[in-house]
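Below: protein-v9.pdb (PDB, C-alpha atoms and all ligand atoms)
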```pdb
ATOM      1  CA  MET S 125      29.311  11.079  39.541  1.00  0.00           C
ATOM      2  CA  SER S 126      30.084  13.841  37.048  1.00  0.00           C
ATOM      3  CA  ILE S 127      28.590  13.616  33.567  1.00  0.00           C
ATOM      4  CA  GLN S 128      28.925  16.192  30.809  1.00  0.00           C
ATOM      5  CA  LEU S 129      27.237  16.034  27.417  1.00  0.00           C
ATOM      6  CA  TYR S 130      28.520  18.191  24.579  1.00  0.00           C
ATOM      7  CA  PHE S 131      25.546  18.824  22.325  1.00  0.00           C
ATOM      8  CA  ALA S 132      24.367  21.125  19.555  1.00  0.00           C
ATOM      9  CA  PRO S 133      20.724  22.227  19.352  1.00  0.00           C
ATOM     10  CA  GLY S 134      18.775  20.035  16.940  1.00  0.00           C
ATOM     11  CA  ALA S 135      21.794  17.852  16.112  1.00  0.00           C
ATOM     12  CA  CYS S 136      22.057  14.082  16.508  1.00  0.00           C
ATOM     13  CA  SER S 137      23.207  14.747  20.073  1.00  0.00           C
ATOM     14  CA  PHE S 138      19.467  15.005  20.823  1.00  0.00           C
ATOM     15  CA  VAL S 139      19.573  11.179  21.098  1.00  0.00           C
ATOM     16  CA  PRO S 140      21.952  10.859  24.114  1.00  0.00           C
ATOM     17  CA  HIS S 141      20.588  14.136  25.487  1.00  0.00           C
ATOM     18  CA  LEU S 142      17.152  12.552  25.770  1.00  0.00           C
ATOM     19  CA  MET S 143      18.574   9.311  27.201  1.00  0.00           C
ATOM     20  CA  LEU S 144      20.269  11.234  30.015  1.00  0.00           C
ATOM     21  CA  GLU S 145      17.039  13.123  30.661  1.00  0.00           C
ATOM     22  CA  LYS S 146      15.104   9.825  30.701  1.00  0.00           C
ATOM     23  CA  ALA S 147      17.626   8.344  33.127  1.00  0.00           C
ATOM     24  CA  GLY S 148      16.826  11.230  35.473  1.00  0.00           C
ATOM     25  CA  VAL S 149      20.465  11.674  36.483  1.00  0.00           C
ATOM     26  CA  PRO S 150      22.300  14.961  36.987  1.00  0.00           C
ATOM     27  CA  PHE S 151      24.415  15.970  34.027  1.00  0.00           C
ATOM     28  CA  GLU S 152      25.894  19.123  32.622  1.00  0.00           C
ATOM     29  CA  PRO S 153      24.731  19.932  29.077  1.00  0.00           C
ATOM     30  CA  ILE S 154      27.462  21.889  27.269  1.00  0.00           C
ATOM     31  CA  MET S 155      26.352  23.628  24.088  1.00  0.00           C
ATOM     32  CA  VAL S 156      28.611  23.589  21.021  1.00  0.00           C
ATOM     33  CA  LYS S 157      27.636  26.133  18.354  1.00  0.00           C
ATOM     34  CA  LEU S 158      28.250  24.232  15.117  1.00  0.00           C
ATOM     35  CA  HIS S 159      27.266  27.225  12.927  1.00  0.00           C
ATOM     36  CA  LYS S 160      30.080  29.176  14.599  1.00  0.00           C
ATOM     37  CA  GLY S 161      32.555  26.348  14.025  1.00  0.00           C
ATOM     38  CA  GLU S 162      33.111  25.742  17.750  1.00  0.00           C
ATOM     39  CA  GLN S 163      33.529  22.004  16.985  1.00  0.00           C
ATOM     40  CA  LEU S 164      36.672  22.849  15.021  1.00  0.00           C
ATOM     41  CA  THR S 165      38.454  24.825  17.736  1.00  0.00           C
ATOM     42  CA  PRO S 166      41.634  23.326  19.243  1.00  0.00           C
ATOM     43  CA  GLU S 167      39.869  23.239  22.645  1.00  0.00           C
ATOM     44  CA  PHE S 168      37.017  21.093  21.335  1.00  0.00           C
ATOM     45  CA  LYS S 169      39.249  18.935  19.124  1.00  0.00           C
ATOM     46  CA  ALA S 170      41.328  18.144  22.189  1.00  0.00           C
ATOM     47  CA  ILE S 171      38.157  16.496  23.528  1.00  0.00           C
ATOM     48  CA  ASN S 172      36.941  14.970  20.248  1.00  0.00           C
ATOM     49  CA  PRO S 173      39.500  14.996  17.406  1.00  0.00           C
ATOM     50  CA  ASN S 174      36.641  14.215  14.967  1.00  0.00           C
ATOM     51  CA  GLY S 175      35.237  17.678  15.652  1.00  0.00           C
ATOM     52  CA  GLN S 176      31.682  16.430  16.172  1.00  0.00           C
ATOM     53  CA  VAL S 177      28.978  16.201  18.772  1.00  0.00           C
ATOM     54  CA  PRO S 178      27.800  14.304  20.723  1.00  0.00           C
ATOM     55  CA  VAL S 179      30.551  13.790  23.277  1.00  0.00           C
ATOM     56  CA  LEU S 180      29.833  12.207  26.635  1.00  0.00           C
ATOM     57  CA  VAL S 181      32.289  12.645  29.471  1.00  0.00           C
ATOM     58  CA  ASP S 182      31.697  10.421  32.492  1.00  0.00           C
ATOM     59  CA  ASP S 183      34.019  10.958  35.430  1.00  0.00           C
ATOM     60  CA  GLY S 184      36.611  12.367  33.033  1.00  0.00           C
ATOM     61  CA  GLU S 185      36.419   9.543  30.476  1.00  0.00           C
ATOM     62  CA  VAL S 186      35.494  10.693  26.983  1.00  0.00           C
ATOM     63  CA  LEU S 187      33.115   8.716  24.759  1.00  0.00           C
ATOM     64  CA  THR S 188      31.975   9.551  21.217  1.00  0.00           C
ATOM     65  CA  GLN S 189      29.707   8.008  18.565  1.00  0.00           C
ATOM     66  CA  ILE S 190      25.991   7.655  19.190  1.00  0.00           C
ATOM     67  CA  LEU S 191      25.977   3.856  19.041  1.00  0.00           C
ATOM     68  CA  ALA S 192      28.642   3.711  21.729  1.00  0.00           C
ATOM     69  CA  LEU S 193      26.897   6.318  23.871  1.00  0.00           C
ATOM     70  CA  VAL S 194      23.535   4.558  23.665  1.00  0.00           C
ATOM     71  CA  GLY S 195      25.090   1.173  24.530  1.00  0.00           C
ATOM     72  CA  TYR S 196      27.009   2.729  27.406  1.00  0.00           C
ATOM     73  CA  LEU S 197      24.058   4.664  28.853  1.00  0.00           C
ATOM     74  CA  ASP S 198      21.899   1.543  28.608  1.00  0.00           C
ATOM     75  CA  LYS S 199      24.342  -0.451  30.759  1.00  0.00           C
ATOM     76  CA  ARG S 200      25.061   2.493  33.067  1.00  0.00           C
ATOM     77  CA  PHE S 201      21.394   3.264  33.772  1.00  0.00           C
ATOM     78  CA  PRO S 202      19.495  -0.016  33.251  1.00  0.00           C
ATOM     79  CA  GLU S 203      16.399   1.308  34.982  1.00  0.00           C
ATOM     80  CA  ALA S 204      15.960   3.807  32.121  1.00  0.00           C
ATOM     81  CA  HIS S 205      15.151   0.960  29.638  1.00  0.00           C
ATOM     82  CA  ILE S 206      17.201   2.596  26.902  1.00  0.00           C
ATOM     83  CA  LEU S 207      17.518  -0.646  24.892  1.00  0.00           C
ATOM     84  CA  PRO S 208      15.357  -3.787  25.078  1.00  0.00           C
ATOM     85  CA  ASP S 209      16.581  -6.608  27.331  1.00  0.00           C
ATOM     86  CA  THR S 210      16.050  -9.711  25.212  1.00  0.00           C
ATOM     87  CA  PRO S 211      18.924 -10.494  22.824  1.00  0.00           C
ATOM     88  CA  MET S 212      16.972 -10.370  19.554  1.00  0.00           C
ATOM     89  CA  ALA S 213      14.892  -7.288  20.448  1.00  0.00           C
ATOM     90  CA  ARG S 214      18.107  -5.568  21.527  1.00  0.00           C
ATOM     91  CA  ALA S 215      19.845  -6.562  18.279  1.00  0.00           C
ATOM     92  CA  HIS S 216      16.908  -5.240  16.215  1.00  0.00           C
ATOM     93  CA  ALA S 217      17.046  -1.947  18.112  1.00  0.00           C
ATOM     94  CA  ILE S 218      20.775  -1.638  17.352  1.00  0.00           C
ATOM     95  CA  GLU S 219      20.029  -2.620  13.745  1.00  0.00           C
ATOM     96  CA  LEU S 220      17.643   0.335  13.375  1.00  0.00           C
ATOM     97  CA  LEU S 221      19.913   2.645  15.356  1.00  0.00           C
ATOM     98  CA  SER S 222      22.733   1.766  12.938  1.00  0.00           C
ATOM     99  CA  TRP S 223      20.489   2.531   9.943  1.00  0.00           C
ATOM    100  CA  PHE S 224      19.716   5.963  11.365  1.00  0.00           C
ATOM    101  CA  ASN S 225      23.399   6.564  12.067  1.00  0.00           C
ATOM    102  CA  ASN S 226      25.062   5.148   8.962  1.00  0.00           C
ATOM    103  CA  THR S 227      22.406   5.747   6.286  1.00  0.00           C
ATOM    104  CA  VAL S 228      19.823   8.424   7.147  1.00  0.00           C
ATOM    105  CA  HIS S 229      22.229  10.683   9.001  1.00  0.00           C
ATOM    106  CA  PRO S 230      25.024  10.856   6.350  1.00  0.00           C
ATOM    107  CA  THR S 231      22.419  11.372   3.622  1.00  0.00           C
ATOM    108  CA  PHE S 232      21.236  14.470   5.453  1.00  0.00           C
ATOM    109  CA  THR S 233      24.844  15.607   5.880  1.00  0.00           C
ATOM    110  CA  HIS S 234      25.099  15.573   2.057  1.00  0.00           C
ATOM    111  CA  VAL S 235      21.980  17.816   1.902  1.00  0.00           C
ATOM    112  CA  PHE S 236      22.965  20.167   4.703  1.00  0.00           C
ATOM    113  CA  MET S 237      26.752  20.261   4.358  1.00  0.00           C
ATOM    114  CA  PRO S 238      27.578  19.483   0.695  1.00  0.00           C
ATOM    115  CA  HIS S 239      30.733  21.577   1.112  1.00  0.00           C
ATOM    116  CA  LYS S 240      32.149  18.596   3.038  1.00  0.00           C
ATOM    117  CA  TYR S 241      32.166  16.605  -0.220  1.00  0.00           C
ATOM    118  CA  SER S 242      33.188  19.171  -2.825  1.00  0.00           C
ATOM    119  CA  ASP S 243      34.561  22.691  -2.905  1.00  0.00           C
ATOM    120  CA  GLN S 244      32.907  23.416  -6.260  1.00  0.00           C
ATOM    121  CA  PRO S 245      29.517  25.162  -5.974  1.00  0.00           C
ATOM    122  CA  ALA S 246      28.001  23.411  -9.005  1.00  0.00           C
ATOM    123  CA  VAL S 247      29.019  19.987  -7.684  1.00  0.00           C
ATOM    124  CA  GLN S 248      27.713  20.910  -4.223  1.00  0.00           C
ATOM    125  CA  ALA S 249      24.320  21.828  -5.746  1.00  0.00           C
ATOM    126  CA  ASP S 250      24.222  18.464  -7.533  1.00  0.00           C
ATOM    127  CA  ILE S 251      25.147  16.573  -4.361  1.00  0.00           C
ATOM    128  CA  ARG S 252      22.445  18.432  -2.429  1.00  0.00           C
ATOM    129  CA  GLN S 253      19.779  17.723  -5.034  1.00  0.00           C
ATOM    130  CA  HIS S 254      20.567  14.007  -5.270  1.00  0.00           C
ATOM    131  CA  ALA S 255      20.832  13.570  -1.525  1.00  0.00           C
ATOM    132  CA  ALA S 256      17.531  15.426  -0.952  1.00  0.00           C
ATOM    133  CA  ALA S 257      15.757  12.913  -3.219  1.00  0.00           C
ATOM    134  CA  GLN S 258      17.414  10.018  -1.364  1.00  0.00           C
ATOM    135  CA  TYR S 259      16.446  11.579   1.976  1.00  0.00           C
ATOM    136  CA  ARG S 260      12.808  11.800   0.879  1.00  0.00           C
ATOM    137  CA  ALA S 261      12.866   8.063   0.073  1.00  0.00           C
ATOM    138  CA  LEU S 262      14.390   7.311   3.476  1.00  0.00           C
ATOM    139  CA  MET S 263      11.628   9.317   5.198  1.00  0.00           C
ATOM    140  CA  ASN S 264       9.081   7.207   3.321  1.00  0.00           C
ATOM    141  CA  THR S 265      10.792   4.070   4.638  1.00  0.00           C
ATOM    142  CA  LEU S 266      10.704   5.457   8.177  1.00  0.00           C
ATOM    143  CA  GLN S 267       7.076   6.472   7.765  1.00  0.00           C
ATOM    144  CA  ALA S 268       6.117   2.923   6.748  1.00  0.00           C
ATOM    145  CA  ARG S 269       7.928   1.686   9.826  1.00  0.00           C
ATOM    146  CA  VAL S 270       6.060   3.915  12.291  1.00  0.00           C
ATOM    147  CA  LEU S 271       2.754   3.288  10.509  1.00  0.00           C
ATOM    148  CA  ALA S 272       3.103  -0.425  11.293  1.00  0.00           C
ATOM    149  CA  LEU S 273       3.450   0.287  15.033  1.00  0.00           C
ATOM    150  CA  PRO S 274       0.599  -0.429  17.456  1.00  0.00           C
ATOM    151  CA  ALA S 275      -0.655   2.811  19.062  1.00  0.00           C
ATOM    152  CA  ASP S 276       0.919   2.069  22.463  1.00  0.00           C
ATOM    153  CA  GLN S 277       4.342   0.999  21.139  1.00  0.00           C
ATOM    154  CA  TRP S 278       7.538   2.878  20.325  1.00  0.00           C
ATOM    155  CA  LEU S 279      10.173   1.929  17.771  1.00  0.00           C
ATOM    156  CA  ALA S 280      11.956  -0.492  20.122  1.00  0.00           C
ATOM    157  CA  GLY S 281       8.860  -1.674  22.004  1.00  0.00           C
ATOM    158  CA  PRO S 282       7.103  -0.441  25.138  1.00  0.00           C
ATOM    159  CA  HIS S 283       9.653   2.222  26.138  1.00  0.00           C
ATOM    160  CA  LEU S 284      10.317   5.469  24.304  1.00  0.00           C
ATOM    161  CA  GLY S 285      14.027   5.404  23.591  1.00  0.00           C
ATOM    162  CA  PRO S 286      16.926   6.333  21.306  1.00  0.00           C
ATOM    163  CA  LEU S 287      15.188   5.220  18.107  1.00  0.00           C
ATOM    164  CA  ASP S 288      12.289   7.573  18.771  1.00  0.00           C
ATOM    165  CA  ALA S 289      14.714  10.385  19.593  1.00  0.00           C
ATOM    166  CA  TYR S 290      16.552   9.752  16.302  1.00  0.00           C
ATOM    167  CA  ALA S 291      13.210   9.561  14.413  1.00  0.00           C
ATOM    168  CA  LEU S 292      12.223  12.962  15.806  1.00  0.00           C
ATOM    169  CA  THR S 293      15.608  14.422  14.914  1.00  0.00           C
ATOM    170  CA  VAL S 294      15.755  13.167  11.312  1.00  0.00           C
ATOM    171  CA  THR S 295      12.103  14.140  10.690  1.00  0.00           C
ATOM    172  CA  ARG S 296      12.852  17.662  11.895  1.00  0.00           C
ATOM    173  CA  TRP S 297      15.827  17.634   9.511  1.00  0.00           C
ATOM    174  CA  ALA S 298      13.426  16.544   6.728  1.00  0.00           C
ATOM    175  CA  THR S 299      11.503  19.785   7.196  1.00  0.00           C
ATOM    176  CA  MET S 300      14.836  21.611   6.815  1.00  0.00           C
ATOM    177  CA  ALA S 301      15.460  19.617   3.613  1.00  0.00           C
ATOM    178  CA  GLY S 302      12.249  20.987   2.070  1.00  0.00           C
ATOM    179  CA  ILE S 303       9.776  18.232   3.001  1.00  0.00           C
ATOM    180  CA  ALA S 304       6.562  19.660   4.460  1.00  0.00           C
ATOM    181  CA  PRO S 305       4.924  17.803   7.381  1.00  0.00           C
ATOM    182  CA  ALA S 306       1.825  17.322   5.181  1.00  0.00           C
ATOM    183  CA  GLU S 307       3.959  15.255   2.781  1.00  0.00           C
ATOM    184  CA  MET S 308       4.762  12.744   5.550  1.00  0.00           C
ATOM    185  CA  PRO S 309       1.574  12.885   7.683  1.00  0.00           C
ATOM    186  CA  ASP S 310       1.956   9.565   9.506  1.00  0.00           C
ATOM    187  CA  LEU S 311       5.588  10.185  10.345  1.00  0.00           C
ATOM    188  CA  TRP S 312       4.746  13.700  11.482  1.00  0.00           C
ATOM    189  CA  ALA S 313       1.906  12.367  13.686  1.00  0.00           C
ATOM    190  CA  TYR S 314       4.378   9.915  15.219  1.00  0.00           C
ATOM    191  CA  VAL S 315       6.867  12.688  15.945  1.00  0.00           C
ATOM    192  CA  GLN S 316       4.086  14.675  17.647  1.00  0.00           C
ATOM    193  CA  ARG S 317       3.429  11.637  19.863  1.00  0.00           C
ATOM    194  CA  VAL S 318       7.147  11.462  20.727  1.00  0.00           C
ATOM    195  CA  ALA S 319       7.271  15.216  21.381  1.00  0.00           C
ATOM    196  CA  ALA S 320       4.343  14.977  23.815  1.00  0.00           C
ATOM    197  CA  ASP S 321       6.472  12.931  26.245  1.00  0.00           C
ATOM    198  CA  ALA S 322       7.478  15.009  29.296  1.00  0.00           C
ATOM    199  CA  ALA S 323      11.222  14.231  29.083  1.00  0.00           C
ATOM    200  CA  VAL S 324      11.234  14.953  25.342  1.00  0.00           C
ATOM    201  CA  GLN S 325       9.503  18.270  26.071  1.00  0.00           C
ATOM    202  CA  ARG S 326      12.219  19.221  28.551  1.00  0.00           C
ATOM    203  CA  VAL S 327      15.003  18.473  26.035  1.00  0.00           C
ATOM    204  CA  ILE S 328      13.173  20.330  23.244  1.00  0.00           C
ATOM    205  CA  GLU S 329      12.889  23.334  25.571  1.00  0.00           C
ATOM    206  CA  ARG S 330      16.536  23.137  26.682  1.00  0.00           C
ATOM    207  CA  GLU S 331      17.673  22.989  23.033  1.00  0.00           C
ATOM    208  CA  ARG S 332      15.035  25.629  22.097  1.00  0.00           C
ATOM    209  CA  LEU S 333      13.880  23.596  19.116  1.00  0.00           C
ATOM    210  CA  THR S 334      11.108  24.315  16.652  1.00  0.00           C
ATOM    211  CA  LEU S 335      10.072  20.966  15.211  1.00  0.00           C
ATOM    212  CA  ASN S 336       8.669  22.233  11.927  1.00  0.00           C
ATOM    213  CA  MET S 337      11.424  24.119  10.108  1.00  0.00           C
ATOM    214  CA  HIS S 338       9.709  23.922   6.708  1.00  0.00           C
ATOM    215  CA  LYS S 339       9.515  27.173   4.776  1.00  0.00           C
ATOM    216  CA  PRO S 340       6.687  27.036   2.195  1.00  0.00           C
TER     217      PRO S 340
HETATM  218  N1  LIG Y   1      28.834   9.095  13.622  1.00  0.00           N
HETATM  219  C1  LIG Y   1      28.793  10.237  14.500  1.00  0.00           C
HETATM  220  C2  LIG Y   1      28.104  11.353  13.765  1.00  0.00           C
HETATM  221  C3  LIG Y   1      28.223  12.659  14.533  1.00  0.00           C
HETATM  222  C4  LIG Y   1      27.817  13.841  13.675  1.00  0.00           C
HETATM  223  O1  LIG Y   1      27.702  13.747  12.452  1.00  0.00           O
HETATM  224  N2  LIG Y   1      27.602  14.981  14.372  1.00  0.00           N
HETATM  225  C5  LIG Y   1      27.261  16.188  13.663  1.00  0.00           C
HETATM  226  C6  LIG Y   1      25.997  16.822  14.248  1.00  0.00           C
HETATM  227  S1  LIG Y   1      24.560  15.863  13.882  1.00  0.00           S
HETATM  228  C7  LIG Y   1      28.361  17.194  13.854  1.00  0.00           C
HETATM  229  O2  LIG Y   1      28.891  17.362  14.936  1.00  0.00           O
HETATM  230  N3  LIG Y   1      28.700  17.895  12.766  1.00  0.00           N
HETATM  231  C8  LIG Y   1      29.657  18.958  12.775  1.00  0.00           C
HETATM  232  C9  LIG Y   1      30.668  18.801  11.703  1.00  0.00           C
HETATM  233  O3  LIG Y   1      30.743  17.691  11.114  1.00  0.00           O
HETATM  234  O4  LIG Y   1      31.362  19.773  11.448  1.00  0.00           O
HETATM  235  C10 LIG Y   1      28.068   9.854  15.789  1.00  0.00           C
HETATM  236  O5  LIG Y   1      27.382   8.832  15.794  1.00  0.00           O
HETATM  237  O6  LIG Y   1      28.212  10.533  16.818  1.00  0.00           O
END
```
Just give me the structure as structure tokens.
Amino acid sequence: MSIQLYFAPGACSFVPHLMLEKAGVPFEPIMVKLHKGEQLTPEFKAINPNGQVPVLVDDGEVLTQILALVGYLDKRFPEAHILPDTPMARAHAIELLSWFNNTVHPTFTHVFMPHKYSDQPAVQADIRQHAAAQYRALMNTLQARVLALPADQWLAGPHLGPLDAYALTVTRWATMAGIAPAEMPDLWAYVQRVAADAAVQRVIERERLTLNMHKP
């Protein structure tokens, strides 16, 4: 077995990174420096023409897109309990995973990378401002979700999994988008609970992440 994961520190690749760590299998983490544009090099685009992380390579076969990676890793390593087993619980987990991936995530991209949507600085500033307000509303939605959880449960049930990894990632992004932890106390408390997990700790250390990026 030979597994490689192309990841960028603090990016959405944290989700499959944690799933591989949880599975306890050997894998090679390969860092892609997004701020240096390494995702746009011909070498990387030969692996993923979309120029994005994460990319999973398993025995030479390339897989992209978080939803696909999570579904694949769940089937590949069933003992890791990446997704729930019962059909409806599994569907609800994918429902929330999709929301993270197709709603929360692109909203943050508008805040963090407005140059992807316009080459005019004034328009970029407008995009950033509007998206930041939308992102704040999405964090409130996520906070309500974690607040409703029993103390011993994670977002998909009894096992910490991809939804919790995504929640940690997008909450860290919220601090980069100008939202202080004190403005989302219940969500922040939840992220601290996720971060206390031993496998999460190892991935945070490997990616050298600071969870609170807020600058007062
Ligand atoms: N829908 C994609 C989103 C991947 C994505 O947006 N990756 C970001 C990091 S969080 C990236 O590589 N951005 C670099 C770029 O777009 O230049 C997935 O699920 O994998």
>> Expand the PyMOL selection byres (((not hetatm)) within 9 of (chain Y and resi 1)) into the explicit residue set it covers here, and present it as a ChimeraX atom specification.
In response: /S:131-132,134-138,156,158-159,161-164,174-179,188-193,222,225-226,229-230,233,237,240
> Nearest to Leu221 (chain S): which of S:Thr265, S:Val270, S:Phe151, S:Val139 is it, counting all atoms listed in the file?
Replying inline: S:Val139
> Can you tell me, as a PyMOL selection string, what residues are no more than 8 Å from region 297-311 of chain S when counting all atoms listed in the file, ignoring any on the same chain fewer than 2 positions away?
Replying inline: chain S and resi 232+235-236+256+259-260+263-264+266-267+270-271+293-295+313-315+336-340
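The result of the PyMOL selection byres (((chain S and resi 214) around 12) and not hetatm) on the shown file is S:Val194, S:Gly195, S:Asp198, S:His205, S:Ile206, S:Leu207, S:Pro208, S:Asp209, S:Thr210, S:Pro211, S:Met212, S:Ala213, S:Ala215, S:His216, S:Ala217, S:Ile218, S:Glu219, S:Leu220, S:Leu221, S:Leu279, S:Ala280, S:Gly281, S:Gly285, S:Pro286, S:Leu287.
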> Which is closest to His234 (chain S) among S:Asp183, S:Ala246, S:Gln258, S:Pro133, if we use all atoms listed in the file?
Replying inline: S:Gln258
> Restricting the calculation to all atoms listed in the file, which member of S:Asn172, S:His254, S:Leu142, S:Asp243 is positioned closest to Gln325 (chain S)?
Replying inline: S:Leu142
